2 protein chains.
Amino acid sequence: MTIREDAQQGKMTEIFTNCALREGVSPEFLMAGVAKGVIAIPKNKNHNFANITGFGEGLTTKVNANIGSSKDHQGVEQELRKLCVSLKAGTDAVMDLSMGGDLNEVRREILKSCPIPLGTVPIYQAVAEAVEINNQAIGEVSVDRIFETIRQQAEDGVDFMTIHCGLTRNTVERLRGHQRRMGVVSRGGSFIMEWMARNQKENPFYEHFDELMAILREHEVTLSLGDGVRPGCLADATDGGQLQELLHLGELTQRAWDAGVQVIVEGPGHMPMDQIEANVMLQKRICHGAPFYVLGPLVTDIAPGYDHITGAIGGAIAARAGADFLCYVTPAEHLKLPSIDDVREGVIASRIAAHAADICKGAPGGMERDIAMADCRNNLDWKGQIDFSIDPEKARRFREDGGTYKGDACSMCGSYCAIKVYQKASRMDTEQQTA
Amino acid sequence: MTIREDAQQGKMTEIFTNCALREGVSPEFLMAGVAKGVIAIPKNKNHNFANITGFGEGLTTKVNANIGSSKDHQGVEQELRKLCVSLKAGTDAVMDLSMGGDLNEVRREILKSCPIPLGTVPIYQAVAEAVEINNQAIGEVSVDRIFETIRQQAEDGVDFMTIHCGLTRNTVERLRGHQRRMGVVSRGGSFIMEWMARNQKENPFYEHFDELMAILREHEVTLSLGDGVRPGCLADATDGGQLQELLHLGELTQRAWDAGVQVIVEGPGHMPMDQIEANVMLQKRICHGAPFYVLGPLVTDIAPGYDHITGAIGGAIAARAGADFLCYVTPAEHLKLPSIDDVREGVIASRIAAHAADICKGAPGGMERDIAMADCRNNLDWKGQIDFSIDPEKARRFREDGGTYKGDACSMCGSYCAIKVYQKASRMDTEQQTA
């Protein structure tokens with residue numbers, strides 16, 4: 001029995017009770033959400049970790065950090081450091097997107113140290129090994145090889161997998177009908193496109209969807225339905241290609257659920273602010289309320305070096321509208337593989353977006369910490385302000401950098417601190433009036 | 001005749017033609033907006049500068065950078081460096097909030113080098129001189145002294161002044177009726193509160209509003225109506241005190257207009273995402289469409305060190321809803337006086353927010369640059385991508401930091417660049433189909 005099947009049959013397990021404790025909701029609420037499909041709890045049978053996490057309706061908005069080696073930046077050490085930094089910064093999930101070095105080793109080492117759900121994009125490994133080891137072209141990788149990789153990763157304990165099942169020939173047809181400025185910017189999506197073009201066949205994940213579900217079901221892997229034709233620039237957002245793929249993702253969500261597999265659906269990408277709410281509504285409607293996992297969205301194309309900020313703007317709006325899971329974007333996006341610092345900045349920016357939205361969503365815990373912070377500010381309690389900060393180390397460093405400051409105020413206002421002046425004025429007012 | 005009076009009488013001047021050229025609208029459009037009050041063009045008679053800038057309806061969203069010395073960080077040099085950095089980062093206006101050192105000297109040096117509108121908060125200087133030079137308490141500064149400071153700054157060429165005219169005894173009354181977690185966090189607001197408490201008199205700016213208008217009118221200073229009781233935390237947002245002050249600001253907007261003075265209205269502050277649109281609507285409605293100048297808004301209280309990001313989220317939402325002018329917030333907010341780097345980060349974050357909103361507002365120029373960037377990305381034209389970046393230096397540095405990368409891709413994907421793979425797949429597809 002899978003987690004979804006347990007939920008459907010009302011069988012209470014430790015997955016639900018542990019997750020409920022962490023999420024601050026009742027186990028029954030969680031179970032009902034999983035049964036309905038509006039909540040997913042990615043947890044591979046072979047990955048034992050402490051923080052059983054739920055993604056979806058009625059829960060706090062979650063954040064994912066992408067890490068992983070590239071062909072030019074290999075090495076397990078570096079990726080383990082990124083894992084640690086992203087954990088410390090408070091990410092809820094991590095994806096290993098490695099394409100360079102010994103991919104099995106990198107993944108297994110990350111899994112060993114990973115106390116949260118780990119995701120992958122298995123086509124990356126299948127393609128990288130075909131190209132680097134077998135000297136094949138991207139589209140020459142065999143279907144058997146791809147499915148073998150998926151099976152291997154599932155056995156290793158990967159909790160959720162991005163698979164681009166909806167990028168069908170039909171989707172490509174619709175895409176062609178639109179004059180996109182940029183074509184396909186999803187790496188996995190482009191691999192599938194090359195595979196389909198070279199072999200003149202249907203997307204193998206779509207063609208062999210039942211087989212795929214059997215593997216995921218067996219190891220309890222959550223399917224993250226990839227959006228291979230997500231827009232790569234504002235001008236391409238919400239076009240026919242994107243929507244055609246979404247329609248397929250809606251159909252496949254139901255088929256995965258019917259196979260006992262939990263589902264998360266991925267979404268754009270680059271998008272003007274005023275299209276975000278509609279996109280969240282569309283995804284929720286077409287995909288029957290499945291948890292929505294967005295990349296950004298980035299609300300302008302012109303800010304390379306600052307895409308953690310463009311992504312935080314879009315992510316906050318998307319989460320408030322109902323998106324459940326934000327994939328971080330780092331300052332390095334569009335420019336280079338992220339550094340350790342970029343990873344930290346990316347996680348924090350996404351967490352800010354998620355939290356700002358959760359305040360409005362009425363998510364469990366919502367505004368409690370903001371209220372605690374307000375009280376510390378009002379009391380000029382600096383220790384408390386630092387403790388309640390989303391990044392206490394940075395807050396402490398900035399506070400100390402302020403250098404000389406008068407007593408309990410900060411170097412912005414010094415003795416002209418508004419809080420102190422106001423409190424004095426209030427006392428004066430009261431004295432005058434009672435005198 | 002003031003700019004507003006010229007506009008009302010349909011007298012076309014160089015102010016309108018120069019500003020129109022810069023704003024990408026017709027001089028007639030600008031003039032009609034100024035006549036109606038929905039656009040302000042701050043331009044002191046005694047400050048000659050190149051970039052005559054409009055703030056308001058139908059124009060791009062503008063950004064302000066606050067600079068200025070504090071009691072513990074004095075010196076003209078440092079402030080001139082901040083001015084340069086904020087100009088280079090693309091700010092549209094600057095405010096000198098100095099409270100330390102020789103305030104006249106600092107302001108005059110900044111004005112000399114300032115090619116954009118400069119704002120001040122004159123009560124800062126009046127109070128700082130009373131306290132530091134005359135050993136007075138904040139509330140002991142005389143009304144004459146305050147007005148003398150305003151006159152002096154107006155003569156020096158300050159283009160717009162924040163004056164907290166709406167923080168009346170009536171506002172204080174409403175404020176008392178609400179259990180705020182934090183009281184008053186506006187520095188100028190707290191000074192007025194202490195003055196009123198100590199003297200048990202009405203706010204002198206409200207009491208002597210006509211006299212104030214006469215000074216501003218004479219030197220063509222735009223009135224920026226300060227919000228002295230803006231919320232200092234999410235829990236205090238949109239309360240009775242804030243709204244009472246807004247009601248006064250609405251009345252005073254009309255009185256200033258009647259005196260021939262241009263008006264901008266300031267707004268919060270700290271605010272949950274889902275209250276921002278309503279606040280913009282309220283300000284526009286109550287203040288008769290006057291340009292709205294927001295500080296942030298910050299959408300969570302728990303991110304000191306990252307308030308440029310919380311402010312960018314709030315600012316983007318506010319600007320999309322109709323706010324015209326965003327006051328930057330730097331990473332140093334709540335912790336210390338901003339450094340040079342903080343100033344740069346703050347301006348860029350606000351510009352991202354303003355631009356993301358302008359795309360949706362249909363502001364002049366709107367999405368042109370995003371489209372150019374998309375085309376450069378699609379062509380892997382790195383020079384173009386850097387040139388069209390909001391901060392070309394950072395984009396270039398990150399690109400170079402990427403180190404070894406294969407040919408024209410970046411170190412994120414190397415030879416697995418989605419754009420290249422997709423383009424190859426498309427060619428393959430076309431060949432197969434025409435074969």
# chains A, B, ... in the order shown; residues from 1 in each chain; ligands from 1
>>> residues_around(residues="segment 422-429 of chain B", least_positions_apart="5", cutoff="8 Å", atoms="only C-alpha atoms", output="PyMOL selection string")
chain A and resi 183-185+190-191+193-195+197-198+200
>>> residues_around(residues="Ile150 of chain B", least_positions_apart="3", cutoff="8 Å", atoms="only C-alpha atoms", output="PyMOL selection string")
chain B and resi 122+146-147+153-154+215
>>> write_last_selection(atoms="all heavy atoms", output="PDB file, in the first residue's frame")
ATOM      1  N   PRO B 122      12.475  68.620   6.653  1.00  0.00           N
ATOM      2  CA  PRO B 122      13.069  69.773   7.344  1.00  0.00           C
ATOM      3  C   PRO B 122      13.032  69.682   8.873  1.00  0.00           C
ATOM      4  O   PRO B 122      13.916  70.226   9.539  1.00  0.00           O
ATOM      5  CB  PRO B 122      12.235  70.958   6.851  1.00  0.00           C
ATOM      6  CG  PRO B 122      11.616  70.507   5.570  1.00  0.00           C
ATOM      7  CD  PRO B 122      11.440  69.027   5.678  1.00  0.00           C
ATOM      8  N   ILE B 146      11.439  76.167  13.217  1.00  0.00           N
ATOM      9  CA  ILE B 146      11.060  75.135  12.241  1.00  0.00           C
ATOM     10  C   ILE B 146      10.764  75.778  10.890  1.00  0.00           C
ATOM     11  O   ILE B 146      11.274  75.345   9.853  1.00  0.00           O
ATOM     12  CB  ILE B 146       9.819  74.336  12.728  1.00  0.00           C
ATOM     13  CG1 ILE B 146      10.125  73.587  14.041  1.00  0.00           C
ATOM     14  CG2 ILE B 146       9.368  73.345  11.649  1.00  0.00           C
ATOM     15  CD1 ILE B 146       8.895  72.926  14.676  1.00  0.00           C
ATOM     16  N   PHE B 147       9.979  76.827  10.914  1.00  0.00           N
ATOM     17  CA  PHE B 147       9.613  77.469   9.652  1.00  0.00           C
ATOM     18  C   PHE B 147      10.813  78.167   9.004  1.00  0.00           C
ATOM     19  O   PHE B 147      10.914  78.230   7.786  1.00  0.00           O
ATOM     20  CB  PHE B 147       8.437  78.440   9.862  1.00  0.00           C
ATOM     21  CG  PHE B 147       7.104  77.729   9.794  1.00  0.00           C
ATOM     22  CD1 PHE B 147       6.696  76.866  10.802  1.00  0.00           C
ATOM     23  CD2 PHE B 147       6.266  77.881   8.687  1.00  0.00           C
ATOM     24  CE1 PHE B 147       5.493  76.175  10.728  1.00  0.00           C
ATOM     25  CE2 PHE B 147       5.057  77.199   8.598  1.00  0.00           C
ATOM     26  CZ  PHE B 147       4.669  76.356   9.622  1.00  0.00           C
ATOM     27  N   GLN B 153      15.841  75.866   3.569  1.00  0.00           N
ATOM     28  CA  GLN B 153      15.997  74.720   2.658  1.00  0.00           C
ATOM     29  C   GLN B 153      15.337  75.010   1.315  1.00  0.00           C
ATOM     30  O   GLN B 153      15.851  74.602   0.260  1.00  0.00           O
ATOM     31  CB  GLN B 153      15.398  73.461   3.295  1.00  0.00           C
ATOM     32  CG  GLN B 153      16.157  72.999   4.549  1.00  0.00           C
ATOM     33  CD  GLN B 153      15.840  71.564   4.936  1.00  0.00           C
ATOM     34  OE1 GLN B 153      15.028  70.912   4.293  1.00  0.00           O
ATOM     35  NE2 GLN B 153      16.489  71.078   5.972  1.00  0.00           N
ATOM     36  N   ALA B 154      14.209  75.677   1.341  1.00  0.00           N
ATOM     37  CA  ALA B 154      13.512  76.034   0.102  1.00  0.00           C
ATOM     38  C   ALA B 154      14.380  76.975  -0.730  1.00  0.00           C
ATOM     39  O   ALA B 154      14.506  76.819  -1.951  1.00  0.00           O
ATOM     40  CB  ALA B 154      12.166  76.680   0.415  1.00  0.00           C
ATOM     41  N   ILE B 215       5.348  79.520   1.820  1.00  0.00           N
ATOM     42  CA  ILE B 215       6.795  79.312   1.622  1.00  0.00           C
ATOM     43  C   ILE B 215       7.036  78.342   0.465  1.00  0.00           C
ATOM     44  O   ILE B 215       7.859  78.597  -0.426  1.00  0.00           O
ATOM     45  CB  ILE B 215       7.469  78.755   2.902  1.00  0.00           C
ATOM     46  CG1 ILE B 215       7.259  79.701   4.083  1.00  0.00           C
ATOM     47  CG2 ILE B 215       8.949  78.502   2.659  1.00  0.00           C
ATOM     48  CD1 ILE B 215       7.742  79.134   5.424  1.00  0.00           C
TER      49      ILE B 215
END
>>> residues_around(residues="Ser113 of chain B", least_positions_apart="2", cutoff="9 Å", atoms="only C-alpha atoms", output="list in words")
Leu80, Leu83, Cys84, Arg108, Glu109, Ile110, Leu111 and Pro115 of chain B
>>> atom_distance(atom1="atom CA of Ala312 of chain A", atom2="atom CA of Trp382 of chain A")
26.7 Å
>>> residues_around(residues="Val76 of chain B", least_positions_apart="3", cutoff="9 Å", atoms="only C-alpha atoms", output="compact mmCIF listing (two decimals) with N, CA and C atoms, in the first residue's frame")
# COMPACT_ATOMS: atom_id res chain seq x y z
N GLY B 68 22.08 60.36 3.75
CA GLY B 68 22.16 61.34 4.83
C GLY B 68 23.00 60.85 5.99
N SER B 69 23.66 61.81 6.62
CA SER B 69 24.53 61.51 7.74
C SER B 69 23.71 61.28 9.00
N GLU B 79 28.39 60.97 2.08
CA GLU B 79 27.06 61.18 1.52
C GLU B 79 27.13 61.43 0.02
N LEU B 80 28.19 62.12 -0.42
CA LEU B 80 28.34 62.32 -1.87
C LEU B 80 28.62 61.00 -2.57
N ARG B 81 29.33 60.13 -1.90
CA ARG B 81 29.56 58.79 -2.48
C ARG B 81 28.24 58.02 -2.59
N GLY B 101 26.40 66.40 11.78
CA GLY B 101 27.37 67.26 11.11
C GLY B 101 26.77 68.61 10.74
N ASP B 102 27.43 69.32 9.80
CA ASP B 102 26.94 70.63 9.35
C ASP B 102 25.86 70.39 8.30
N GLU B 105 25.74 72.46 5.08
CA GLU B 105 26.83 72.13 4.17
C GLU B 105 26.53 70.83 3.41
N VAL B 106 26.12 69.80 4.17
CA VAL B 106 25.83 68.51 3.54
C VAL B 106 24.77 68.70 2.45
N ARG B 107 23.69 69.37 2.79
CA ARG B 107 22.59 69.55 1.83
C ARG B 107 23.04 70.32 0.60
N GLU B 109 26.04 70.70 -0.63
CA GLU B 109 26.97 69.92 -1.46
C GLU B 109 26.21 68.87 -2.26
N ILE B 110 25.25 68.22 -1.63
CA ILE B 110 24.45 67.22 -2.35
C ILE B 110 23.68 67.90 -3.48
>>> residues_around(residues="segment 32-48 of chain B", least_positions_apart="6", cutoff="7 Å", atoms="only C-alpha atoms", output="list in words")
Arg4, Ala7, Gln8, Gly54, Phe55, Gly56, Glu57, Pro117, Glu155, Asp156, Gly157, Val158, Asp159, Phe160, His219, Glu220, Val221, Thr222, Gln262, Val263, Ile264, Gly289, Ala290 and Pro291 of chain B
>>> interface_residues(of="chain B", to="chain A", cutoff="6 Å", atoms="only C-alpha atoms", output="VMD selection string")
chain B and resid 182 184 to 187 190 194 197 233 299 to 305 313 335 to 337 356 370 374 378 389 to 390 395 399 402 410 to 412 418 to 419 421 to 422 425 428 to 429
>>> select_by_dssp(residues="segment 163-344 of chain A", states="strand (DSSP E or B)", output="PyMOL selection string")
chain A and resi 163+222-225+263-267+270+292-295+298+325-327
>>> residues_around(residues="Glu14 of chain A", least_positions_apart="4", cutoff="10 Å", atoms="only C-alpha atoms", output="PDB file with all heavy atoms, in the first residue's frame")
ATOM      1  N   ASN A  18       3.561  11.798  12.088  1.00  0.00           N
ATOM      2  CA  ASN A  18       4.810  12.567  12.135  1.00  0.00           C
ATOM      3  C   ASN A  18       4.695  13.866  11.351  1.00  0.00           C
ATOM      4  O   ASN A  18       5.119  14.927  11.797  1.00  0.00           O
ATOM      5  CB  ASN A  18       5.980  11.746  11.564  1.00  0.00           C
ATOM      6  CG  ASN A  18       6.412  10.648  12.510  1.00  0.00           C
ATOM      7  OD1 ASN A  18       5.979  10.627  13.661  1.00  0.00           O
ATOM      8  ND2 ASN A  18       7.245   9.735  12.024  1.00  0.00           N
ATOM      9  N   CYS A  19       4.153  13.761  10.159  1.00  0.00           N
ATOM     10  CA  CYS A  19       4.029  14.937   9.292  1.00  0.00           C
ATOM     11  C   CYS A  19       3.096  15.967   9.928  1.00  0.00           C
ATOM     12  O   CYS A  19       3.359  17.171   9.891  1.00  0.00           O
ATOM     13  CB  CYS A  19       3.542  14.499   7.918  1.00  0.00           C
ATOM     14  SG  CYS A  19       3.472  15.836   6.715  1.00  0.00           S
ATOM     15  N   ALA A  20       2.005  15.477  10.522  1.00  0.00           N
ATOM     16  CA  ALA A  20       1.017  16.381  11.121  1.00  0.00           C
ATOM     17  C   ALA A  20       1.648  17.200  12.242  1.00  0.00           C
ATOM     18  O   ALA A  20       1.418  18.413  12.369  1.00  0.00           O
ATOM     19  CB  ALA A  20      -0.168  15.581  11.656  1.00  0.00           C
ATOM     20  N   PRO A  27      -3.561  14.901  12.024  1.00  0.00           N
ATOM     21  CA  PRO A  27      -3.264  13.791  11.102  1.00  0.00           C
ATOM     22  C   PRO A  27      -4.444  13.514  10.171  1.00  0.00           C
ATOM     23  O   PRO A  27      -4.251  13.168   8.999  1.00  0.00           O
ATOM     24  CB  PRO A  27      -3.017  12.607  12.042  1.00  0.00           C
ATOM     25  CG  PRO A  27      -2.714  13.191  13.371  1.00  0.00           C
ATOM     26  CD  PRO A  27      -3.433  14.503  13.444  1.00  0.00           C
ATOM     27  N   ILE A  52       9.432  14.709   7.909  1.00  0.00           N
ATOM     28  CA  ILE A  52       8.386  14.318   6.961  1.00  0.00           C
ATOM     29  C   ILE A  52       7.547  15.558   6.672  1.00  0.00           C
ATOM     30  O   ILE A  52       6.981  16.170   7.580  1.00  0.00           O
ATOM     31  CB  ILE A  52       7.479  13.219   7.558  1.00  0.00           C
ATOM     32  CG1 ILE A  52       8.316  12.084   8.156  1.00  0.00           C
ATOM     33  CG2 ILE A  52       6.500  12.709   6.505  1.00  0.00           C
ATOM     34  CD1 ILE A  52       9.055  11.263   7.167  1.00  0.00           C
TER      35      ILE A  52
END
>>> residues_around(residues="Leu246 of chain A", least_positions_apart="5", cutoff="8 Å", atoms="only C-alpha atoms", output="PyMOL selection string")
chain A and resi 166+227+283+286-287
>>> select_by_dssp(residues="segment 255-314 of chain A", states="helix (DSSP H, G or I)", output="tab-separated table (two decimals) with all heavy atoms, in the first residue's frame")
chain	number	residue	atom	x	y	z
A	255	ARG	N	-4.35	10.04	-13.85
A	255	ARG	CA	-3.86	8.68	-14.11
A	255	ARG	C	-2.86	8.24	-13.03
A	255	ARG	O	-2.86	7.08	-12.62
A	255	ARG	CB	-3.21	8.59	-15.49
A	255	ARG	CG	-4.26	8.53	-16.62
A	255	ARG	CD	-3.61	8.48	-17.99
A	255	ARG	NE	-2.79	7.29	-18.21
A	255	ARG	CZ	-2.01	7.13	-19.28
A	255	ARG	NH1	-1.94	8.07	-20.21
A	255	ARG	NH2	-1.30	6.02	-19.42
A	256	ALA	N	-1.99	9.17	-12.61
A	256	ALA	CA	-1.03	8.83	-11.55
A	256	ALA	C	-1.77	8.53	-10.25
A	256	ALA	O	-1.47	7.53	-9.57
A	256	ALA	CB	-0.05	9.99	-11.35
A	257	TRP	N	-2.73	9.36	-9.93
A	257	TRP	CA	-3.52	9.12	-8.71
A	257	TRP	C	-4.19	7.75	-8.77
A	257	TRP	O	-4.19	7.01	-7.78
A	257	TRP	CB	-4.60	10.21	-8.54
A	257	TRP	CG	-4.06	11.52	-8.03
A	257	TRP	CD1	-2.84	11.76	-7.48
A	257	TRP	CD2	-4.76	12.78	-8.02
A	257	TRP	NE1	-2.73	13.08	-7.13
A	257	TRP	CE2	-3.89	13.73	-7.45
A	257	TRP	CE3	-6.02	13.21	-8.45
A	257	TRP	CZ2	-4.24	15.06	-7.28
A	257	TRP	CZ3	-6.38	14.54	-8.28
A	257	TRP	CH2	-5.49	15.46	-7.70
A	258	ASP	N	-4.75	7.43	-9.93
A	258	ASP	CA	-5.42	6.14	-10.09
A	258	ASP	C	-4.45	4.98	-9.87
A	258	ASP	O	-4.86	3.89	-9.47
A	258	ASP	CB	-6.08	6.03	-11.46
A	258	ASP	CG	-7.26	6.98	-11.61
A	258	ASP	OD1	-7.75	7.50	-10.56
A	258	ASP	OD2	-7.69	7.24	-12.75
A	273	MET	N	3.61	40.03	-13.67
A	273	MET	CA	2.88	39.93	-12.40
A	273	MET	C	1.39	39.68	-12.59
A	273	MET	O	0.78	38.95	-11.83
A	273	MET	CB	3.01	41.26	-11.64
A	273	MET	CG	4.34	41.49	-10.98
A	273	MET	SD	4.42	43.18	-10.29
A	273	MET	CE	3.27	43.03	-8.91
A	274	ASP	N	0.80	40.32	-13.61
A	274	ASP	CA	-0.66	40.26	-13.72
A	274	ASP	C	-1.17	38.96	-14.36
A	274	ASP	O	-2.36	38.81	-14.57
A	274	ASP	CB	-1.22	41.49	-14.43
A	274	ASP	CG	-0.62	41.72	-15.80
A	274	ASP	OD1	0.21	40.88	-16.24
A	274	ASP	OD2	-0.96	42.72	-16.44
A	275	GLN	N	-0.26	38.03	-14.68
A	275	GLN	CA	-0.72	36.72	-15.19
A	275	GLN	C	-0.57	35.61	-14.14
A	275	GLN	O	-0.98	34.47	-14.38
A	275	GLN	CB	0.07	36.34	-16.44
A	275	GLN	CG	-0.20	37.26	-17.63
A	275	GLN	CD	0.62	36.87	-18.87
A	275	GLN	OE1	1.08	35.75	-19.01
A	275	GLN	NE2	0.81	37.83	-19.76
A	276	ILE	N	0.00	35.95	-13.00
A	276	ILE	CA	0.34	34.89	-12.04
A	276	ILE	C	-0.91	34.26	-11.41
A	276	ILE	O	-1.05	33.03	-11.36
A	276	ILE	CB	1.30	35.43	-10.96
A	276	ILE	CG1	2.63	35.85	-11.59
A	276	ILE	CG2	1.54	34.36	-9.88
A	276	ILE	CD1	3.61	36.51	-10.63
A	277	GLU	N	-1.80	35.11	-10.93
A	277	GLU	CA	-2.99	34.57	-10.27
A	277	GLU	C	-3.78	33.66	-11.20
A	277	GLU	O	-4.24	32.58	-10.81
A	277	GLU	CB	-3.90	35.70	-9.79
A	277	GLU	CG	-3.40	36.34	-8.52
A	277	GLU	CD	-4.26	37.53	-8.10
A	277	GLU	OE1	-5.49	37.41	-8.12
A	277	GLU	OE2	-3.67	38.57	-7.77
A	278	ALA	N	-3.94	34.09	-12.44
A	278	ALA	CA	-4.69	33.28	-13.40
A	278	ALA	C	-4.00	31.94	-13.64
A	278	ALA	O	-4.65	30.90	-13.77
A	278	ALA	CB	-4.84	34.04	-14.72
A	279	ASN	N	-2.68	31.96	-13.68
A	279	ASN	CA	-1.95	30.70	-13.89
A	279	ASN	C	-2.13	29.74	-12.72
A	279	ASN	O	-2.27	28.54	-12.93
A	279	ASN	CB	-0.46	30.99	-14.12
A	279	ASN	CG	-0.12	31.11	-15.59
A	279	ASN	OD1	0.20	30.13	-16.24
A	279	ASN	ND2	-0.24	32.32	-16.14
A	280	VAL	N	-2.13	30.27	-11.51
A	280	VAL	CA	-2.33	29.39	-10.35
A	280	VAL	C	-3.75	28.81	-10.39
A	280	VAL	O	-3.96	27.61	-10.21
A	280	VAL	CB	-2.08	30.15	-9.03
A	280	VAL	CG1	-2.41	29.26	-7.83
A	280	VAL	CG2	-0.63	30.63	-8.95
A	281	MET	N	-4.71	29.67	-10.68
A	281	MET	CA	-6.10	29.19	-10.76
A	281	MET	C	-6.23	28.11	-11.83
A	281	MET	O	-6.83	27.05	-11.59
A	281	MET	CB	-7.01	30.39	-11.06
A	281	MET	CG	-8.50	30.07	-11.10
A	281	MET	SD	-9.05	29.37	-12.68
A	281	MET	CE	-8.93	30.82	-13.74
A	282	LEU	N	-5.64	28.34	-13.01
A	282	LEU	CA	-5.72	27.37	-14.11
A	282	LEU	C	-5.11	26.03	-13.70
A	282	LEU	O	-5.70	24.97	-13.94
A	282	LEU	CB	-4.96	27.89	-15.33
A	282	LEU	CG	-5.72	28.81	-16.26
A	282	LEU	CD1	-4.77	29.34	-17.34
A	282	LEU	CD2	-6.89	28.07	-16.91
A	283	GLN	N	-3.92	26.08	-13.09
A	283	GLN	CA	-3.27	24.83	-12.70
A	283	GLN	C	-4.14	24.07	-11.71
A	283	GLN	O	-4.32	22.86	-11.84
A	283	GLN	CB	-1.87	25.10	-12.12
A	283	GLN	CG	-1.09	23.83	-11.77
A	283	GLN	CD	-1.47	23.25	-10.40
A	283	GLN	OE1	-2.17	23.91	-9.61
A	283	GLN	NE2	-1.05	22.03	-10.14
A	284	LYS	N	-4.65	24.79	-10.73
A	284	LYS	CA	-5.46	24.12	-9.69
A	284	LYS	C	-6.71	23.51	-10.32
A	284	LYS	O	-7.13	22.41	-9.96
A	284	LYS	CB	-5.84	25.12	-8.60
A	284	LYS	CG	-4.67	25.55	-7.73
A	284	LYS	CD	-4.40	24.55	-6.61
A	284	LYS	CE	-3.18	24.94	-5.78
A	284	LYS	NZ	-2.93	24.05	-4.66
A	285	ARG	N	-7.29	24.22	-11.25
A	285	ARG	CA	-8.54	23.76	-11.86
A	285	ARG	C	-8.29	22.56	-12.79
A	285	ARG	O	-8.95	21.54	-12.68
A	285	ARG	CB	-9.16	24.93	-12.65
A	285	ARG	CG	-10.47	24.62	-13.30
A	285	ARG	CD	-11.64	24.80	-12.36
A	285	ARG	NE	-12.88	24.37	-13.01
A	285	ARG	CZ	-13.42	23.17	-12.86
A	285	ARG	NH1	-12.88	22.28	-12.06
A	285	ARG	NH2	-14.53	22.85	-13.50
A	286	ILE	N	-7.28	22.70	-13.64
A	286	ILE	CA	-7.03	21.66	-14.65
A	286	ILE	C	-6.43	20.41	-14.01
A	286	ILE	O	-6.68	19.29	-14.47
A	286	ILE	CB	-6.09	22.20	-15.76
A	286	ILE	CG1	-6.74	23.39	-16.48
A	286	ILE	CG2	-5.71	21.11	-16.76
A	286	ILE	CD1	-8.02	23.08	-17.20
A	307	ASP	N	17.93	37.67	-9.73
A	307	ASP	CA	16.71	36.91	-9.99
A	307	ASP	C	16.16	36.23	-8.74
A	307	ASP	O	15.04	35.72	-8.77
A	307	ASP	CB	16.92	35.92	-11.15
A	307	ASP	CG	16.73	36.61	-12.50
A	307	ASP	OD1	15.89	37.53	-12.57
A	307	ASP	OD2	17.41	36.24	-13.47
A	308	HIS	N	16.93	36.24	-7.64
A	308	HIS	CA	16.31	35.82	-6.37
A	308	HIS	C	15.24	36.83	-5.97
A	308	HIS	O	14.23	36.47	-5.36
A	308	HIS	CB	17.36	35.64	-5.28
A	308	HIS	CG	18.18	36.85	-4.97
A	308	HIS	ND1	18.77	37.64	-5.93
A	308	HIS	CD2	18.49	37.44	-3.78
A	308	HIS	CE1	19.41	38.64	-5.35
A	308	HIS	NE2	19.25	38.53	-4.05
A	309	ILE	N	15.45	38.09	-6.33
A	309	ILE	CA	14.46	39.13	-6.00
A	309	ILE	C	13.28	39.08	-6.97
A	309	ILE	O	12.13	39.11	-6.53
A	309	ILE	CB	15.13	40.53	-5.99
A	309	ILE	CG1	16.20	40.57	-4.90
A	309	ILE	CG2	14.07	41.62	-5.79
A	309	ILE	CD1	16.95	41.89	-4.79
A	310	THR	N	13.54	38.97	-8.28
A	310	THR	CA	12.41	38.88	-9.22
A	310	THR	C	11.60	37.63	-8.91
A	310	THR	O	10.37	37.64	-9.03
A	310	THR	CB	12.87	38.85	-10.70
A	310	THR	OG1	13.61	37.66	-10.96
A	310	THR	CG2	13.76	40.03	-11.03
A	311	GLY	N	12.29	36.55	-8.49
A	311	GLY	CA	11.59	35.31	-8.14
A	311	GLY	C	10.81	35.42	-6.84
A	311	GLY	O	9.76	34.80	-6.67
A	312	ALA	N	11.33	36.21	-5.90
A	312	ALA	CA	10.63	36.39	-4.62
A	312	ALA	C	9.34	37.18	-4.83
A	312	ALA	O	8.31	36.89	-4.22
A	312	ALA	CB	11.52	37.09	-3.61
A	313	ILE	N	9.39	38.17	-5.71
A	313	ILE	CA	8.17	38.94	-6.01
A	313	ILE	C	7.12	37.99	-6.61
A	313	ILE	O	5.98	37.91	-6.14
A	313	ILE	CB	8.47	40.11	-6.97
A	313	ILE	CG1	9.40	41.14	-6.32
A	313	ILE	CG2	7.17	40.78	-7.43
A	313	ILE	CD1	9.93	42.23	-7.27
A	314	GLY	N	7.53	37.26	-7.64
A	314	GLY	CA	6.58	36.36	-8.30
A	314	GLY	C	6.14	35.22	-7.39
A	314	GLY	O	4.95	34.85	-7.38
